[in-house]
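Undergrad: File name start_32.pdb; file contents PDB, C-alpha atoms; full text below.
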```
ATOM      1  CA  MET A   1      25.062  -7.973 -49.150
ATOM      2  CA  GLU A   2      22.315  -5.430 -49.499
ATOM      3  CA  GLN A   3      21.668  -3.016 -46.648
ATOM      4  CA  THR A   4      18.086  -2.806 -45.410
ATOM      5  CA  MET A   5      16.570   0.388 -44.024
ATOM      6  CA  GLY A   6      14.660   0.201 -40.757
ATOM      7  CA  PHE A   7      13.699   2.083 -37.629
ATOM      8  CA  ARG A   8      14.434   2.004 -33.934
ATOM      9  CA  THR A   9      12.738   3.810 -31.097
ATOM     10  CA  ILE A  10      14.622   5.509 -28.278
ATOM     11  CA  THR A  11      13.114   7.411 -25.371
ATOM     12  CA  TYR A  12      14.004  10.979 -24.448
ATOM     13  CA  CYS A  13      13.187  12.054 -20.888
ATOM     14  CA  PHE A  14      12.169  15.697 -20.481
ATOM     15  CA  ARG A  15      11.455  17.438 -17.181
ATOM     16  CA  LEU A  16       7.906  18.813 -17.134
ATOM     17  CA  TYR A  17       6.956  21.987 -15.265
ATOM     18  CA  CYS A  18       3.253  22.621 -14.889
ATOM     19  CA  GLU A  19       1.506  25.267 -12.801
ATOM     20  CA  LYS A  20      -1.371  22.821 -12.357
ATOM     21  CA  ASP A  21       0.573  19.965 -10.715
ATOM     22  CA  GLU A  22      -2.556  18.630  -9.053
ATOM     23  CA  TRP A  23      -4.149  18.304 -12.497
ATOM     24  CA  LEU A  24      -1.294  16.014 -13.577
ATOM     25  CA  TRP A  25      -2.175  13.726 -10.652
ATOM     26  CA  GLU A  26      -5.925  13.944 -11.361
ATOM     27  CA  THR A  27      -5.242  12.993 -14.992
ATOM     28  CA  LYS A  28      -3.196   9.994 -13.875
ATOM     29  CA  LYS A  29      -5.961   8.907 -11.460
ATOM     30  CA  MET A  30      -8.611   9.167 -14.177
ATOM     31  CA  TYR A  31      -6.400   7.306 -16.663
ATOM     32  CA  ASN A  32      -5.977   4.453 -14.183
ATOM     33  CA  ARG A  33      -9.711   4.354 -13.435
ATOM     34  CA  VAL A  34     -10.464   4.018 -17.165
ATOM     35  CA  LEU A  35      -7.672   1.432 -17.511
ATOM     36  CA  ARG A  36      -9.098  -0.604 -14.598
ATOM     37  CA  PHE A  37     -12.596  -0.459 -16.156
ATOM     38  CA  TYR A  38     -11.390  -1.943 -19.464
ATOM     39  CA  TYR A  39      -9.094  -4.455 -17.775
ATOM     40  CA  GLU A  40     -12.063  -5.816 -15.786
ATOM     41  CA  ILE A  41     -14.084  -6.187 -19.007
ATOM     42  CA  LEU A  42     -11.229  -8.175 -20.553
ATOM     43  CA  VAL A  43     -11.103 -10.468 -17.506
ATOM     44  CA  GLN A  44     -14.874 -11.109 -17.809
ATOM     45  CA  GLU A  45     -14.924 -11.482 -21.610
ATOM     46  CA  GLU A  46     -12.503 -14.387 -22.105
ATOM     47  CA  GLY A  47     -13.444 -14.748 -25.801
ATOM     48  CA  LEU A  48     -11.752 -11.440 -26.695
ATOM     49  CA  LYS A  49      -8.275 -12.861 -26.123
ATOM     50  CA  GLU A  50      -8.455 -14.740 -29.425
ATOM     51  CA  LEU A  51      -8.788 -11.504 -31.426
ATOM     52  CA  ASN A  52      -5.955  -9.244 -32.611
ATOM     53  CA  LYS A  53      -5.359  -5.963 -30.772
ATOM     54  CA  GLN A  54      -7.339  -3.765 -33.218
ATOM     55  CA  LYS A  55     -10.374  -6.054 -33.067
ATOM     56  CA  VAL A  56     -10.205  -6.222 -29.263
ATOM     57  CA  MET A  57     -10.124  -2.420 -29.124
ATOM     58  CA  ARG A  58     -13.131  -2.206 -31.442
ATOM     59  CA  GLU A  59     -15.097  -4.778 -29.415
ATOM     60  CA  LEU A  60     -14.300  -2.989 -26.148
ATOM     61  CA  GLU A  61     -15.510   0.304 -27.598
ATOM     62  CA  ILE A  62     -18.770  -1.308 -28.777
ATOM     63  CA  MET A  63     -19.254  -2.972 -25.367
ATOM     64  CA  SER A  64     -18.687   0.279 -23.497
ATOM     65  CA  ILE A  65     -19.906   3.052 -25.824
ATOM     66  CA  GLY A  66     -22.483   1.270 -27.959
ATOM     67  CA  THR A  67     -22.937   1.551 -31.703
ATOM     68  CA  LYS A  68     -23.991   4.352 -34.042
ATOM     69  CA  ASN A  69     -27.304   2.605 -34.728
ATOM     70  CA  GLY A  70     -28.287   3.037 -31.068
ATOM     71  CA  GLU A  71     -27.375  -0.373 -29.674
ATOM     72  CA  ALA A  72     -26.926   0.010 -25.913
ATOM     73  CA  PRO A  73     -23.515  -0.852 -24.449
ATOM     74  CA  LYS A  74     -23.154  -4.024 -22.387
ATOM     75  CA  TYR A  75     -20.753  -2.253 -19.968
ATOM     76  CA  PRO A  76     -21.586   1.486 -20.021
ATOM     77  CA  VAL A  77     -18.617   3.752 -19.294
ATOM     78  CA  PRO A  78     -19.091   4.982 -15.700
ATOM     79  CA  PHE A  79     -17.193   8.231 -16.334
ATOM     80  CA  GLU A  80     -18.392  11.477 -17.874
ATOM     81  CA  LYS A  81     -16.699  12.826 -20.974
ATOM     82  CA  VAL A  82     -13.490  10.807 -21.198
ATOM     83  CA  PRO A  83     -11.563  12.038 -24.262
ATOM     84  CA  LEU A  84     -11.402   9.517 -27.084
ATOM     85  CA  TYR A  85      -7.600   9.368 -27.197
ATOM     86  CA  LEU A  86      -7.217   8.937 -23.433
ATOM     87  CA  ARG A  87      -9.748   6.110 -23.589
ATOM     88  CA  ARG A  88      -7.874   4.446 -26.455
ATOM     89  CA  ALA A  89      -4.529   4.756 -24.666
ATOM     90  CA  ALA A  90      -6.073   3.159 -21.569
ATOM     91  CA  ILE A  91      -7.615   0.371 -23.680
ATOM     92  CA  ASN A  92      -4.221  -0.390 -25.254
ATOM     93  CA  ASP A  93      -2.641  -0.492 -21.796
ATOM     94  CA  ALA A  94      -5.452  -2.744 -20.514
ATOM     95  CA  ILE A  95      -4.954  -5.145 -23.436
ATOM     96  CA  ARG A  96      -1.213  -5.286 -22.717
ATOM     97  CA  MET A  97      -1.813  -5.935 -19.006
ATOM     98  CA  TYR A  98      -4.467  -8.569 -19.671
ATOM     99  CA  ARG A  99      -2.323 -10.439 -22.174
ATOM    100  CA  SER A 100       0.555 -10.460 -19.701
ATOM    101  CA  PHE A 101      -1.772 -11.857 -17.015
ATOM    102  CA  ASP A 102      -3.295 -14.401 -19.423
ATOM    103  CA  SER A 103       0.074 -15.718 -20.604
ATOM    104  CA  GLY A 104       1.226 -16.118 -16.985
ATOM    105  CA  LYS A 105      -1.922 -17.900 -15.721
ATOM    106  CA  SER A 106      -0.372 -21.323 -16.294
ATOM    107  CA  HIS A 107       2.504 -20.260 -14.017
ATOM    108  CA  GLY A 108       0.186 -19.077 -11.244
ATOM    109  CA  ALA A 109      -0.133 -15.396 -12.239
ATOM    110  CA  HIS A 110      -3.016 -13.538 -10.610
ATOM    111  CA  LYS A 111      -5.221 -10.784 -11.954
ATOM    112  CA  ALA A 112      -3.823  -7.301 -11.291
ATOM    113  CA  GLU A 113      -5.320  -5.944  -8.067
ATOM    114  CA  HIS A 114      -3.527  -2.598  -7.991
ATOM    115  CA  ILE A 115      -3.138  -0.604 -11.203
ATOM    116  CA  ASP A 116      -0.738   2.336 -11.225
ATOM    117  CA  SER A 117       0.115   3.039 -14.828
ATOM    118  CA  ALA A 118       1.571   6.167 -16.412
ATOM    119  CA  PRO A 119      -0.826   7.899 -18.818
ATOM    120  CA  THR A 120       0.138   7.970 -22.471
ATOM    121  CA  PHE A 121      -0.843  11.065 -24.429
ATOM    122  CA  TYR A 122      -1.916  10.183 -27.970
ATOM    123  CA  LYS A 123      -2.237  12.969 -30.536
ATOM    124  CA  GLY A 124      -5.395  14.799 -29.559
ATOM    125  CA  MET A 125      -4.252  14.810 -25.916
ATOM    126  CA  TYR A 126      -1.179  16.960 -26.598
ATOM    127  CA  LYS A 127      -0.371  19.776 -29.024
ATOM    128  CA  ASP A 128       2.115  22.578 -29.688
ATOM    129  CA  PHE A 129       5.037  20.358 -28.669
ATOM    130  CA  CYS A 130       8.343  22.216 -29.046
ATOM    131  CA  SER A 131      11.723  22.408 -27.319
ATOM    132  CA  THR A 132      10.413  24.681 -24.539
ATOM    133  CA  SER A 133       6.778  23.706 -23.963
ATOM    134  CA  VAL A 134       3.862  21.410 -24.663
ATOM    135  CA  SER A 135       0.105  21.758 -24.202
ATOM    136  CA  LEU A 136      -1.520  18.780 -22.493
ATOM    137  CA  LYS A 137      -5.209  17.996 -22.095
ATOM    138  CA  LEU A 138      -5.508  17.511 -18.330
ATOM    139  CA  TYR A 139      -8.329  16.546 -15.984
ATOM    140  CA  ASN A 140      -8.978  18.940 -13.102
ATOM    141  CA  GLY A 141     -11.355  16.642 -11.208
ATOM    142  CA  ASN A 142     -14.430  17.993 -13.034
ATOM    143  CA  LYS A 143     -13.537  18.595 -16.666
ATOM    144  CA  TRP A 144     -10.765  18.362 -19.255
ATOM    145  CA  GLN A 145      -8.773  21.485 -20.123
ATOM    146  CA  TRP A 146      -5.743  22.391 -22.191
ATOM    147  CA  VAL A 147      -2.792  23.450 -20.037
ATOM    148  CA  SER A 148       0.507  24.781 -21.342
ATOM    149  CA  CYS A 149       3.490  23.268 -19.532
ATOM    150  CA  SER A 150       7.174  24.133 -19.797
ATOM    151  CA  ILE A 151       9.698  21.445 -20.537
ATOM    152  CA  ASP A 152      13.420  21.121 -19.932
ATOM    153  CA  THR A 153      15.137  18.954 -22.535
ATOM    154  CA  CYS A 154      18.095  18.465 -20.152
ATOM    155  CA  ASP A 155      20.495  19.803 -22.814
ATOM    156  CA  ARG A 156      19.418  17.142 -25.295
ATOM    157  CA  ALA A 157      18.688  18.207 -28.879
ATOM    158  CA  PHE A 158      14.951  18.352 -29.508
ATOM    159  CA  PRO A 159      13.873  15.763 -32.097
ATOM    160  CA  PRO A 160      12.069  16.704 -35.325
ATOM    161  CA  ALA A 161       8.276  16.732 -34.881
ATOM    162  CA  GLU A 162       7.708  13.911 -37.395
ATOM    163  CA  GLN A 163       9.876  11.567 -35.290
ATOM    164  CA  ILE A 164       8.040  12.161 -31.989
ATOM    165  CA  LEU A 165       5.654   9.407 -30.888
ATOM    166  CA  SER A 166       3.098   9.496 -28.043
ATOM    167  CA  PRO A 167       4.671  10.778 -24.797
ATOM    168  CA  THR A 168       4.068   9.199 -21.396
ATOM    169  CA  LEU A 169       3.654  11.165 -18.160
ATOM    170  CA  LYS A 170       5.757   9.819 -15.274
ATOM    171  CA  LEU A 171       5.050  11.253 -11.826
ATOM    172  CA  GLU A 172       7.288  10.631  -8.826
ATOM    173  CA  GLY A 173       6.669  12.739  -5.728
ATOM    174  CA  LYS A 174       6.881  16.367  -6.827
ATOM    175  CA  ARG A 175       8.760  15.501 -10.014
ATOM    176  CA  ALA A 176       7.009  15.226 -13.384
ATOM    177  CA  MET A 177       8.755  13.786 -16.428
ATOM    178  CA  LEU A 178       7.622  13.359 -19.995
ATOM    179  CA  HIS A 179       9.051  10.197 -21.562
ATOM    180  CA  VAL A 180       9.027  10.797 -25.296
ATOM    181  CA  PRO A 181       9.604   7.902 -27.716
ATOM    182  CA  VAL A 182      11.501   9.060 -30.799
ATOM    183  CA  LYS A 183      11.528   7.072 -34.037
ATOM    184  CA  GLN A 184      14.931   7.051 -35.715
ATOM    185  CA  GLU A 185      15.933   5.650 -39.068
ATOM    186  CA  VAL A 186      18.595   2.931 -39.019
ATOM    187  CA  LEU A 187      20.687   2.368 -42.116
ATOM    188  CA  ASP A 188      21.306  -1.346 -41.756
ATOM    189  CA  VAL A 189      18.891  -3.699 -39.997
ATOM    190  CA  ARG A 190      20.160  -7.016 -41.282
ATOM    191  CA  PRO A 191      20.170  -9.842 -38.734
ATOM    192  CA  ALA A 192      23.475 -10.441 -36.904
ATOM    193  CA  LYS A 193      23.812 -13.722 -38.791
ATOM    194  CA  GLU A 194      24.212 -11.803 -42.044
TER     195      GLU A 194
END
```
Spell out the structure here as structure tokens.
TA:
Amino acid sequence: MEQTMGFRTITYCFRLYCEKDEWLWETKKMYNRVLRFYYEILVQEEGLKELNKQKVMRELEIMSIGTKNGEAPKYPVPFEKVPLYLRRAAINDAIRMYRSFDSGKSHGAHKAEHIDSAPTFYKGMYKDFCSTSVSLKLYNGNKWQWVSCSIDTCDRAFPPAEQILSPTLKLEGKRAMLHVPVKQEVLDVRPAKE
């Protein structure tokens, strides 16, 4: 039988050291505020659930940002200067949360009241990622700034840059971790039946 090439994703956990710890928390708070905003739109706009994820994202952006031809947004974003890639990460998270809620409605699931999600940093929100440091775009309570943070790979080999996917910031007490999905090639992805 012929072998089929494929991919798997595993997550590396790196310890994050940042001189601006409070900015990590402010970024998480802002991320969750943006996430809550888009989640509430999804709850109100029931018709969006029929669309695929890309179309939902596009509709949410039109409803909250408006269009290039000057059409006013139905739900104007109540935050100043939210970076595009943070907004898109929050929208993706909101879609995931809403779909989970929607699929569980028949079993008595309730709308999420408390949202405490870890921010995902899409490209454009992080740069200069290497085995010793990463620069993150963080919110200081007033504006967004690039901050260089040290990382500890915990003696794990650092993956090649082309295999790194969007990292997620996990905060627990005084500890900050960067969960980094890594795409790895798999030589044989045939079903177990084969």
Undergrad: If I take atom CA of Cys149 of chain A and atom CA of Cys18 of chain A, how far is one from the other in Å, to one decimal?
TA: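 Between these atoms lies a distance of 4.7 Å.
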Undergrad: Check what the PyMOL selection byres ((chain A and resi 71-86) around 12) selects in the file above and give those residues as a ChimeraX atom specification.
TA: /A:27-28,30-38,40-42,44-45,59-70,87-93,118-126,136-139,141-145,166,168
Undergrad: So which residues touch Asp152 of chain A within 7 Å, counting only C-alpha atoms, skipping near sequence neighbours fewer than 4 positions away, as a PyMOL selection string?
TA: chain A and resi 14-16+132
Undergrad: Next, dump the selected residues to file, keeping only C-alpha atoms, as an mmCIF file, in the coordinates of the input.
TA:
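Writing the result to again.cif gives the following:
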```cif
data_model
loop_
_atom_site.group_PDB
_atom_site.id
_atom_site.type_symbol
_atom_site.label_atom_id
_atom_site.label_comp_id
_atom_site.auth_asym_id
_atom_site.auth_seq_id
_atom_site.Cartn_x
_atom_site.Cartn_y
_atom_site.Cartn_z
ATOM 1 C CA PHE A 14 12.169 15.697 -20.481
ATOM 2 C CA ARG A 15 11.455 17.438 -17.181
ATOM 3 C CA LEU A 16 7.906 18.813 -17.134
ATOM 4 C CA THR A 132 10.413 24.681 -24.539
#
```
Undergrad: Using Å and a single decimal, report how far atom CA of Lys55 of chain A sits from atom CA of Lys111 of chain A.
TA: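 Separation between atom CA of Lys111 of chain A and atom CA of Lys55 of chain A: 22.2 Å.
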Undergrad: Work out how far atom CA of Pro181 of chain A is from atom CA of Arg8 of chain A, in Å to one decimal.
TA: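 About the pair atom CA of Arg8 of chain A and atom CA of Pro181 of chain A: they are 9.8 Å apart.
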Undergrad: Produce segment 75-86 of chain A of the given structure as output with all heavy atoms, as an mmCIF file, in the first residue's frame.
TA:
```cif
data_model
loop_
_atom_site.group_PDB
_atom_site.id
_atom_site.type_symbol
_atom_site.label_atom_id
_atom_site.label_comp_id
_atom_site.auth_asym_id
_atom_site.auth_seq_id
_atom_site.Cartn_x
_atom_site.Cartn_y
_atom_site.Cartn_z
ATOM 1 N N TYR A 75 -22.712 47.427 14.432
ATOM 2 C CA TYR A 75 -22.224 47.321 15.813
ATOM 3 C C TYR A 75 -20.814 47.920 15.864
ATOM 4 O O TYR A 75 -19.827 47.193 15.776
ATOM 5 C CB TYR A 75 -22.141 45.852 16.253
ATOM 6 C CG TYR A 75 -23.426 45.079 16.143
ATOM 7 C CD1 TYR A 75 -23.675 44.250 15.048
ATOM 8 C CD2 TYR A 75 -24.385 45.154 17.150
ATOM 9 C CE1 TYR A 75 -24.844 43.519 14.954
ATOM 10 C CE2 TYR A 75 -25.560 44.424 17.062
ATOM 11 C CZ TYR A 75 -25.789 43.611 15.955
ATOM 12 O OH TYR A 75 -26.956 42.890 15.871
ATOM 13 N N PRO A 76 -20.681 49.231 16.005
ATOM 14 C CA PRO A 76 -19.342 49.839 15.998
ATOM 15 C C PRO A 76 -18.459 49.290 17.130
ATOM 16 O O PRO A 76 -18.929 49.091 18.250
ATOM 17 C CB PRO A 76 -19.608 51.328 16.209
ATOM 18 C CG PRO A 76 -21.063 51.518 15.991
ATOM 19 C CD PRO A 76 -21.737 50.207 16.212
ATOM 20 N N VAL A 77 -17.207 49.038 16.808
ATOM 21 C CA VAL A 77 -16.252 48.538 17.796
ATOM 22 C C VAL A 77 -16.103 49.599 18.893
ATOM 23 O O VAL A 77 -15.767 50.738 18.601
ATOM 24 C CB VAL A 77 -14.881 48.235 17.143
ATOM 25 C CG1 VAL A 77 -13.869 47.823 18.195
ATOM 26 C CG2 VAL A 77 -15.008 47.163 16.084
ATOM 27 N N PRO A 78 -16.334 49.218 20.167
ATOM 28 C CA PRO A 78 -16.262 50.205 21.243
ATOM 29 C C PRO A 78 -14.849 50.422 21.800
ATOM 30 O O PRO A 78 -14.696 51.020 22.851
ATOM 31 C CB PRO A 78 -17.171 49.590 22.321
ATOM 32 C CG PRO A 78 -17.055 48.130 22.100
ATOM 33 C CD PRO A 78 -16.856 47.934 20.618
ATOM 34 N N PHE A 79 -13.839 49.922 21.096
ATOM 35 C CA PHE A 79 -12.464 50.043 21.569
ATOM 36 C C PHE A 79 -11.654 50.841 20.555
ATOM 37 O O PHE A 79 -11.866 50.726 19.364
ATOM 38 C CB PHE A 79 -11.811 48.665 21.731
ATOM 39 C CG PHE A 79 -12.722 47.634 22.330
ATOM 40 C CD1 PHE A 79 -13.257 46.627 21.545
ATOM 41 C CD2 PHE A 79 -13.057 47.679 23.667
ATOM 42 C CE1 PHE A 79 -14.108 45.680 22.088
ATOM 43 C CE2 PHE A 79 -13.901 46.744 24.221
ATOM 44 C CZ PHE A 79 -14.438 45.740 23.430
ATOM 45 N N GLU A 80 -10.688 51.601 21.069
ATOM 46 C CA GLU A 80 -9.811 52.359 20.175
ATOM 47 C C GLU A 80 -8.660 51.490 19.702
ATOM 48 O O GLU A 80 -8.049 50.789 20.492
ATOM 49 C CB GLU A 80 -9.233 53.568 20.913
ATOM 50 C CG GLU A 80 -10.179 54.740 20.968
ATOM 51 C CD GLU A 80 -9.482 55.969 21.508
ATOM 52 O OE1 GLU A 80 -8.339 56.249 21.099
ATOM 53 O OE2 GLU A 80 -10.092 56.637 22.356
ATOM 54 N N LYS A 81 -8.365 51.570 18.440
ATOM 55 C CA LYS A 81 -7.152 50.993 17.860
ATOM 56 C C LYS A 81 -6.836 49.561 18.299
ATOM 57 O O LYS A 81 -5.808 49.306 18.898
ATOM 58 C CB LYS A 81 -5.950 51.883 18.166
ATOM 59 C CG LYS A 81 -6.026 53.256 17.569
ATOM 60 C CD LYS A 81 -5.370 53.276 16.243
ATOM 61 C CE LYS A 81 -5.321 54.693 15.709
ATOM 62 N NZ LYS A 81 -4.708 54.775 14.442
ATOM 63 N N VAL A 82 -7.726 48.640 18.031
ATOM 64 C CA VAL A 82 -7.435 47.230 18.283
ATOM 65 C C VAL A 82 -6.703 46.703 17.051
ATOM 66 O O VAL A 82 -7.211 46.824 15.936
ATOM 67 C CB VAL A 82 -8.720 46.420 18.535
ATOM 68 C CG1 VAL A 82 -8.426 44.944 18.673
ATOM 69 C CG2 VAL A 82 -9.433 46.938 19.775
ATOM 70 N N PRO A 83 -5.512 46.127 17.217
ATOM 71 C CA PRO A 83 -4.784 45.614 16.053
ATOM 72 C C PRO A 83 -5.588 44.565 15.286
ATOM 73 O O PRO A 83 -6.298 43.749 15.890
ATOM 74 C CB PRO A 83 -3.526 44.986 16.664
ATOM 75 C CG PRO A 83 -3.357 45.652 17.980
ATOM 76 C CD PRO A 83 -4.749 45.951 18.453
ATOM 77 N N LEU A 84 -5.479 44.624 13.977
ATOM 78 C CA LEU A 84 -6.214 43.730 13.094
ATOM 79 C C LEU A 84 -6.073 42.264 13.503
ATOM 80 O O LEU A 84 -7.062 41.539 13.592
ATOM 81 C CB LEU A 84 -5.704 43.913 11.654
ATOM 82 C CG LEU A 84 -6.182 42.886 10.630
ATOM 83 C CD1 LEU A 84 -7.660 43.079 10.337
ATOM 84 C CD2 LEU A 84 -5.369 42.990 9.359
ATOM 85 N N TYR A 85 -4.847 41.813 13.767
ATOM 86 C CA TYR A 85 -4.645 40.388 14.022
ATOM 87 C C TYR A 85 -5.118 39.969 15.410
ATOM 88 O O TYR A 85 -5.491 38.820 15.613
ATOM 89 C CB TYR A 85 -3.189 39.995 13.765
ATOM 90 C CG TYR A 85 -2.887 40.090 12.287
ATOM 91 C CD1 TYR A 85 -2.066 41.092 11.789
ATOM 92 C CD2 TYR A 85 -3.471 39.210 11.393
ATOM 93 C CE1 TYR A 85 -1.815 41.201 10.427
ATOM 94 C CE2 TYR A 85 -3.244 39.315 10.037
ATOM 95 C CZ TYR A 85 -2.410 40.300 9.548
ATOM 96 O OH TYR A 85 -2.187 40.406 8.206
ATOM 97 N N LEU A 86 -5.157 40.873 16.371
ATOM 98 C CA LEU A 86 -5.757 40.549 17.660
ATOM 99 C C LEU A 86 -7.268 40.423 17.475
ATOM 100 O O LEU A 86 -7.891 39.506 18.000
ATOM 101 C CB LEU A 86 -5.446 41.609 18.708
ATOM 102 C CG LEU A 86 -6.094 41.273 20.058
ATOM 103 C CD1 LEU A 86 -5.038 40.883 21.070
ATOM 104 C CD2 LEU A 86 -6.943 42.409 20.559
#
```
